[in-house]
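**Student:** Following this message is one structure expressed as structure tokens.
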Amino acid sequence: MNDELIFAEEQIPEPGNASPQKPWKILIVDDDEEVHSITKLALRNFTFDSRPLQFLHAYSGQEGIEQLTEHTDIAVCLLDVVMESEHAGLDTARAIRETLNNGFVRIVLRTGQPGQAPEETIIAEYDINDYKEKTELTRGKLHTLLYSCLRSYRDIISLDRSRQGLERILESSTQLHQKTYLKDFAQGILEQISAVLSPEEDAFYAKNNGVAAFEHSGNLRIIAGTGEYSEYENNDAAAVLPEDCRDILDDTSPGFRSKLTSSGFISLYRSNDEHTGLLFMRDLKTRNQLENHLLQMFCRNALTAFENISLRTLLEESQREIVYLLGDAVEHRSKETGFHLRRVSEISYLLAQRSGLSEEQAGFIREAAPLHDLGKIAIPDAILNKPDKLDATEWAVMKTHSEVGYEMLHSSDKPLLKMGAEIALDHHERWDGTGYPAGKAGTEISIAGRITAIADVFDALCSRRVYKPAWDIKQVEEYFQLQRGLHFDPDLVDILFENLDEFIAIQQRFPDPEPQPHD
């Protein structure tokens, strides 16, 4: 086969020494060993963007496909037309695009028999990037060809990386917005930064040593940390940051700013004097402008969302505090003191979790449980605090507190208060239908009401009151077994005592203060 490749002599300056950076992969597919040798010789000192070449070799179309399958980052394929068959190169070019679905590699067909594969026909019918006769490729023209192909490949890869980066930002943002708690969200930001970055070996990669902090009313505290910073939660962020990142904190003007320093990457969003979000990733570097742009875009979006979550968390905390204050007001009127409401809240939450409710449902029950006796605010002190047994008329008044609490809360469109209304109404209903106010039975009683009823009675029996000592846990269990299927949901009673240690731990975590001796 007469496929002789000849390079004409040209006097041009020799390129400089190759950089140690990752090389461009060039695949030579030709059945003539001499073509491989001459091509390597002609390009031996070639560099592009300070990166040298790495040659891969194949001697048939099938071997070329195998190389491209193994090396998905081949930049240029110098492909002979006539090898094991007259159209082997053309078949290989089609397989690269259609079978391997590789639209990135630049394919240059080279032939020593142009009559068998006319250029105009080949360019029109095959997705190739250039077509050359071997005899026309001087050393200089081969260099020109490589510059053109590598520049095209570089730009295509850059565009694809931009696309992938934007997709990763969207995917990461979706995953982040599924996190509803501030700490989880902050942790997610730090973890997702790595996912946003290009995963390629030579691109930057976020070492997982970082902090996410939020400032409210002048206190910039760490919400979450990763790696070496995982133990710094609730610390002052300014005391943890390296010196070369401090100046970004000193700028009190609102807006987004970021900075790459020798210590890493810091990003800050300040909306006003009271609210600031901060991300810091130690040792994080970017390799090029694209990666830097993707990083800044993600951090800007993440910090904006971080502020929204933070403000929502502050609102929820305020709402929770108001709920406890309302509950405490009732408890103090009825001479109850200590952490009864907190224990009822936590016991209800754990029981809801163990019964298989979603985290969202369990959370609402936890926050609304302290409102179960809110209606007692309308009960006269003479009845509420009567030391003797209530007469029929007084008991009828006392029983109205369930409906009063419901009426106070049910008109709200807030999920927490709606849940509170449901609990207030149902927590004195009984499984056997003999409770009040409506005489509901079984699953007619809301699950929130059934759970809170058990939590309220369990804590009352386990705790000391002015009129009784705390019951022994065996006494408590005997009572619940007697009332299983009568007063209480039998399945919930079983769950309570199957996980008894966890519920006792709540009792121990929130003990009532010791009574003070009277003078």
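Chains: A, B, ... in order of the structure tokens. Residues: from 1 per chain. Ligands: from 1, in order shown.
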Write out as a list in words each polymer residue whose atoms come within 7 Å of segment 300-314 of chain A, counting only C-alpha atoms; drop sequence neighbours fewer than 5 positions from it.
**Tutor:** Leu182, Ile189, Phe256, Tyr269 and Gly277 of chain A
**Student:** Quick one: everything within 12 Å of Val240 of chain A, counting only C-alpha atoms, minus sequence neighbours fewer than 2 positions away in the same chain. Send it as a list in words.
**Tutor:** Gly210, Val211, Ala212, Ala213, Leu220, Arg221, Ile222, Gly225, Glu228, Tyr229, Ser230, Glu231, Tyr232, Glu233, Asn234, Asn235, Asp236, Ala237, Ala238, Pro242, Glu243, Asp244, Cys245, Arg246, Phe280, Met281 and Arg282 of chain A
**Student:** Between atom CA of Asp91 of chain A and atom CA of Ala58 of chain A, what is the spacing in Å?
**Tutor:** 14.8 Å
**Student:** When you count only C-alpha atoms, which of these residues is closest to Ile451 of chain A: A:Lys285, A:Arg430, A:Arg464, A:His275?
**Tutor:**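 With only C-alpha atoms as the atom set, the closest residue is A:Arg430.
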**Student:** Within 10 Å of Ile506 of chain A, counting only C-alpha atoms, which residues show up once you throw out same-chain ones fewer than 3 positions away? Write them as a list in words, please.
**Tutor:** Arg342, Arg343, Val344, Glu346, Ile347, Leu350, Asp459, Asp501, Glu502, Phe503, Arg509, Phe510 and Pro511 of chain A
**Student:** Name the residues of segment 385-446 of chain A that come out as alpha helix (DSSP H) in a backbone DSSP run; write them as an MDAnalysis selection string.
**Tutor:** chainID A and resid 392:399 401:409 415:426
**Student:** Using atom CA of Arg484 of chain A and atom CA of Gln507 of chain A as the two end points, give the distance in Å to one decimal.
**Tutor:**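 Between atom CA of Arg484 of chain A and atom CA of Gln507 of chain A the gap is 21.8 Å.
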**Student:** Between A:Leu268, A:Leu146, A:Glu477, A:Ser262, which one has atoms that come closest to Asp250 of chain A, using only C-alpha atoms?
**Tutor:**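 With only C-alpha atoms as the atom set, the closest residue is A:Leu268.
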**Student:** Excluding Ser267 of chain A and residues on its chain fewer than 4 positions from it, collect all residues at most 8 Å away from it, counting only C-alpha atoms, and give them as an MDAnalysis selection string.
**Tutor:** chainID A and resid 256:259 278:280 296 299:300
**Student:** List the neighbours of segment 327-331 of chain A out to 9 Å using only C-alpha atoms; skip same-chain residues closer than 4 positions along the sequence, and give me the result as a list in words.
**Tutor:**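 Here the qualifying residues turn out to be Ile322, Val323, Lys335, Glu336, Thr337, His340, Leu341, Pro370, Leu371, His372, Asp373, Leu374, Gly375, Lys376 and Ile377 of chain A.
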**Student:** Which residue is closest to Cys462 of chain A? Choose from A:Ile128, A:Leu27, A:Tyr479, A:Ile122 and count only C-alpha atoms.
**Tutor:**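 Smallest distance to Cys462 of chain A is found for A:Tyr479.
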**Student:** Looking at only C-alpha atoms, which of A:Arg139, A:Lys132, A:Arg51, A:Arg94 is the one that sits closest to Thr39 of chain A?
**Tutor:**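 Selected residue with least distance to Thr39 of chain A: A:Arg139.
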**Student:** Among the residues of segment 244-491 of chain A, find those DSSP assigns to strand (DSSP E) from the backbone and print them as a ChimeraX atom specification.
**Tutor:** /A:255-260,264-270,275-282
**Student:** Using only C-alpha atoms, which of the listed residues (A:Ala368, A:Ile223, A:Leu159, A:Leu41) sits closest to Gln187 of chain A?
**Tutor:**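 Ranking A:Ala368, A:Ile223, A:Leu159, A:Leu41 by distance to Gln187 of chain A, first place goes to A:Ile223.
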